[in-house]
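What follows is one structure encoded as structure tokens, with my remarks underneath.
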Amino acid sequence: MSAKAKSVPLTETQKASFLRLARMAGRYWGRIAVAIVFGILFGGSIVGILASARGTLGDVFGGIAGADGGGMAQSVQAFVERTYTGEMSHAWVATLLILLCLVMFVVVRGVGFFFSKYLIEWVAQRVTAELRDETFESILHLPMREFTAARTGELISRTISDTQLVERGLVDVVCDLIQQPFVLLFAAAYILHANFQLACVTLLVFPVCILPVRIFGKRVRRNAKKGQEHVADLASIQQETILGAAIVKAFGTEERELARFRKSSFDFFRRQVKIVAAKAAVNPMMEVISAIAAAAVLVYAKGTGLPFDAMFVFLGAMVVMYQPVKALSRVHLSIQQCAAAAERIFQIIDTADPIRNAPDARELGRVEKVEYRGVSFAYDPRTPVLRDISLEAKSGMLVALVGSSGSGKTTLVNLLPRFYEATGGEVLVNGEPIGRWNIESLRRNIGLVTQETVLFNDTVRANIAYGDPTATDAQVEAAAKMAHADEFIRQMENGYDTVIAERGILLSGGQRQRLAIARALLRDPPVLILDEATSALDTESERAVQAALDEAMKGRMVFAIAHRLSTIMRADQILVLDHGRVVERGTHAELIAKGEGGAYHRLYTMQFQDVPERA
């Protein structure tokens with residue numbers, strides 16, 4: 001066999017992850033203990049079934065079996081002769097009792113299987129649900145940088161697909177370990193008792209029967225792993241195409257995207273065909289090996305005069321032993337798959353957000369003043385994003401940030417709600433370092449409107465009230481009016497109760513942006529962060545919203561990031577950023593007065609040389 005086909009041992013991390021799963025399952029030790037009891041019943045009943053079957057065969061086809069193996073039939077016959085006084089012959093009564101025993105042991109086996117399987121499935125499902133909830137909770141509290149580094153599909157996969165793999169792994173491993181060893185043990189004990197010599201030879205040769213399972217099982221595992229990678233590719237292509245449907249259609253690249261999808265789909269198909277072929281090859285090979293083994297038993301029976309009932313039940317016991325051996329041979333594979341999925345899940349769960357409340361953090365009242373003192377920041381120490389930035393803002397002030405893409409504007413305002421922590425200098429709120437304040441109370445003071453509008457598949461009312469579910473209808477409508485959204489909302493089919501679909505796809509860009517602004521204004525925050533808040537608005541909507549924002553910012557502190565300088569001409573202070581540094585600062589008039597040599601003047605000239613300034 002090639003090196004590639006060899007079983008890959010668990011890494012230390014995977015071992016630790018699986019043990020952690022086992023400890024989680026161990027919290028339900030009572031159910032597991034009861035499941036083990038029923039597993040013993042499931043395995044032990046096989047002895048009764050085999051003994052009853054042999055007694056029945058010996059009685060029906062050849063009279064009561066001899067001392068070489070018909071002990072149960074003899075015992076039943078003796079019992080009937082001692083106790084039965086009815087008209088039916090003793091032989092018939094004995095036969096019926098043996099058949100009743102056979103049915104009874106089958107019932108015991110079924111009950112044992114059902115309850116052991118049910119209880120383990122319950123534990124596995126419970127642990128999986130806890131993992132799923134904990135993973136999603138951890139995702140909600142991941143550091144912001146984790147969201148920028150990870151693909152959306154990757155995080156979703158860990159919450160859904162990986163937890164399903166864990167659930168299947170737990171069920172397969174634990175069920176096999178509490179059922180199959182007992183079946184194998186009792187079946188082996190029975191054939192050893194029935195015919196010691198033949199049983200010894202059979203048990204020595206029996207491992208040959210699982211070779212096909214091992215050989216083709218490795219091929220299945222290898223191709224299944226590759227297949228999962230192709231599934232991830234398919235999901236990624238679909239997600240990108242659906243989210244970028246407008247771009248795909250605009251550039252007429254439907255056939256190109258279809259070709260990408262078809263290629264990944266065909267690669268997945270090829271892997272699946274290999275898996276099917278490997279699985280399909282197991283049974284024929286097992287049948288050939290089993291036929292050879294059966295032939296050997298028949299030759300032995302012929303040479304030794306082994307009774308028919310003993311031979312038949314012996315072969316049946318060998319068949320019974322096949323399933324537990326096959327199942328136990330797969331346990332390592334199940335543990336590997338389960339541990340690998342658990343490792344990915346625990347990576348998310350164990351990712352702690354370094355930005356957390358200090359032990360002595362205090363509740364923040366109303367933000368009155370924000371100050372940046374020599375603030376620097378870097379996602380990577382080798383590539384700083386912000387360099388030695390200082391600014392001061394008070395209630396009622398509009399601070400505008402302008403500059404080219406990548407100059408650090410969004411990163412600068414993201415330090416205020418503590419999405420990130422400054423790596424140099426400090427940010428102060430109301431004269432205190434920002435870390436002194438409770439994070440939740442800090443963020444309650446801030447209303448955020450981003451360039452990429454985020455809306456949910458819910459009603460207009462619910463989207464506006466997202467930050468304050470207790471808001472009254474009157475408060476929601478007042479916020480919508482401030483954002484100049486009330487008019488178009490009332491023109492919708494169900495008004496404020498209209499469901500706007502995922503990402504607000506049923507609305508125009510300007511309408512979506514105004515709903516986002518209304519959502520921020522509903523909280524009546526002392527601080528507003530507007531990250532390209534009017535970028536998606538047409539000229540008429542921009543003027544309406546700008547008028548609303550001018551009214552809403554009274555008594556508030558506003559940080560506005562803008563490429564469209566028309567929105568920040570009245571700013572109390574404009575900071576021009578370039579490569580993470582403040583290269584100019586001042587009011588619109590002061591910066592324009594610097595003439596053509598100024599960075600702000602160049603930006604203004606490019607955008608508004610033909611547009612008159614607002615009065």
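If you're wondering about the labels, chains in the structure tokens are A, B, ... by order shown, residues count from 1 in each chain, ligands from 1 in order shown.
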Checklist entry - Counting only C-alpha atoms, what is within 12 Å of Val107 of chain A, bar same-chain residues fewer than 6 positions away, as a list in words? => result Leu41, Phe42, Ser45, Ile46, Gly48, Ile49, Leu100, Cys101, Phe113 and Phe114 of chain A
Next on the checklist: Can you pull out the residues contacting Lys369 of chain A? Cut-off 6 Å, using only C-alpha atoms, and skip same-chain residues under 3 positions away; I want them as a ChimeraX atom specification.
Outcome noted: /A:393-394,429-430
For the residues selected in the previous step, produce a file with C-alpha atoms as a PDB file, in the first residue's frame.
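File produced: again32.pdb:
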```pdb
ATOM      1  CA  ALA A 393     -13.451  66.646  19.998  1.00  0.00           C
ATOM      2  CA  LYS A 394     -16.262  67.896  22.233  1.00  0.00           C
ATOM      3  CA  VAL A 429     -12.954  59.703  26.981  1.00  0.00           C
ATOM      4  CA  ASN A 430     -14.127  62.432  29.365  1.00  0.00           C
TER       5      ASN A 430
END
```
Item to check | Selection: 9 Å around Ala25 of chain A, only C-alpha atoms, excl. self and same-chain fewer than 6 positions, as a count of residues only | outcome: 6
Item to check | Close residues, segment 338-355 of chain A itself excluded, 10 Å, only C-alpha atoms, min 3 positions apart in chain, as a VMD selection string | outcome: chain A and resid 10 to 11 13 to 21 131 to 132 134 to 139 141 to 146 155 157 to 159 161 to 170 172 to 173 332 to 335 358 418 to 421 435 439
Checklist entry - DSSP says strand (DSSP E) for which residues of segment 303-478 of chain A? Put them as a VMD selection string? => result chain A and resid 369 to 380 383 to 394 398 to 403 424 to 429 432 to 433 446 to 449
Next on the checklist: Please compute the atom CA of Thr410 of chain A-atom CA of Ile561 of chain A distance, one decimal, in Å.
Outcome noted: 7.3 Å
Checklist entry - From the set A:Gln573, A:Thr472, A:Gln451, A:Asn357, which residue has the shortest atom-to-atom contact distance to Ala589 of chain A, counting only C-alpha atoms? => result A:Gln573
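Residue nearest Leu328 of chain A, chosen from A:Gly374, A:Pro384, A:Pro181, A:Gly396 and counting only C-alpha atoms: A:Pro181.
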Non-local contacts of segment 452-463 of chain A (12 Å; only C-alpha atoms; under 6 positions in same chain excluded) as an mmCIF file with C-alpha atoms, in the first residue's frame:
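Heads up, here's the output in part_36.cif:
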```cif
data_model
loop_
_atom_site.group_PDB
_atom_site.id
_atom_site.type_symbol
_atom_site.label_atom_id
_atom_site.label_comp_id
_atom_site.auth_asym_id
_atom_site.auth_seq_id
_atom_site.Cartn_x
_atom_site.Cartn_y
_atom_site.Cartn_z
ATOM 1 C CA PRO A 469 -35.922 46.561 20.770
ATOM 2 C CA THR A 470 -37.919 48.362 23.488
ATOM 3 C CA ALA A 471 -38.419 51.469 21.333
ATOM 4 C CA THR A 472 -42.020 52.488 20.781
ATOM 5 C CA ASP A 473 -43.572 52.882 17.351
ATOM 6 C CA ALA A 474 -43.541 56.635 17.839
ATOM 7 C CA GLN A 475 -39.795 56.625 18.555
ATOM 8 C CA VAL A 476 -39.104 54.462 15.503
ATOM 9 C CA GLU A 477 -41.113 56.753 13.265
ATOM 10 C CA ALA A 478 -39.463 59.850 14.730
ATOM 11 C CA ALA A 479 -36.028 58.426 13.930
ATOM 12 C CA ALA A 480 -37.191 57.592 10.400
ATOM 13 C CA ALA A 485 -36.996 57.823 5.504
ATOM 14 C CA ASP A 486 -40.580 58.094 6.761
ATOM 15 C CA PHE A 488 -40.731 56.230 1.328
ATOM 16 C CA ILE A 489 -41.470 53.776 4.149
ATOM 17 C CA ARG A 490 -45.171 54.761 4.201
ATOM 18 C CA MET A 492 -44.305 50.649 0.819
ATOM 19 C CA GLU A 493 -46.982 47.956 0.701
ATOM 20 C CA ASN A 494 -47.066 47.310 4.450
ATOM 21 C CA GLY A 495 -45.365 50.478 5.627
ATOM 22 C CA TYR A 496 -43.195 49.922 8.687
ATOM 23 C CA ASP A 497 -44.226 46.257 8.747
ATOM 24 C CA THR A 498 -42.783 45.544 5.300
ATOM 25 C CA VAL A 499 -40.180 42.772 5.271
ATOM 26 C CA ILE A 500 -37.203 44.080 3.312
ATOM 27 C CA ALA A 501 -35.477 40.723 2.588
ATOM 28 C CA GLU A 502 -31.881 39.793 3.234
ATOM 29 C CA ARG A 503 -29.457 42.732 3.113
ATOM 30 C CA GLY A 504 -32.407 45.011 2.281
ATOM 31 C CA ILE A 505 -32.252 43.857 -1.325
ATOM 32 C CA LEU A 506 -35.755 45.195 -2.033
ATOM 33 C CA LEU A 507 -34.626 48.771 -1.290
ATOM 34 C CA SER A 508 -32.509 51.192 -3.249
ATOM 35 C CA GLY A 509 -29.037 52.051 -1.992
ATOM 36 C CA GLY A 510 -30.207 55.425 -0.726
ATOM 37 C CA GLN A 511 -33.169 53.911 1.086
ATOM 38 C CA ARG A 512 -30.969 51.337 2.769
ATOM 39 C CA GLN A 513 -28.579 54.018 3.908
ATOM 40 C CA ARG A 514 -31.355 56.154 5.348
ATOM 41 C CA LEU A 515 -32.686 53.185 7.333
ATOM 42 C CA ALA A 516 -29.190 52.657 8.722
ATOM 43 C CA ILE A 517 -29.030 56.318 9.719
ATOM 44 C CA ALA A 518 -32.458 56.067 11.351
ATOM 45 C CA ARG A 519 -31.254 53.021 13.291
ATOM 46 C CA ALA A 520 -28.288 54.993 14.618
ATOM 47 C CA LEU A 522 -32.961 55.990 17.379
ATOM 48 C CA LEU A 530 -20.520 58.264 10.003
ATOM 49 C CA ASP A 531 -18.278 56.147 7.813
ATOM 50 C CA GLU A 532 -19.189 57.278 4.304
ATOM 51 C CA ALA A 533 -22.774 57.536 5.579
ATOM 52 C CA THR A 534 -24.053 59.370 2.512
ATOM 53 C CA SER A 535 -21.945 57.605 -0.093
ATOM 54 C CA ALA A 536 -24.911 55.661 -1.547
ATOM 55 C CA LEU A 537 -27.299 58.598 -1.780
#
```
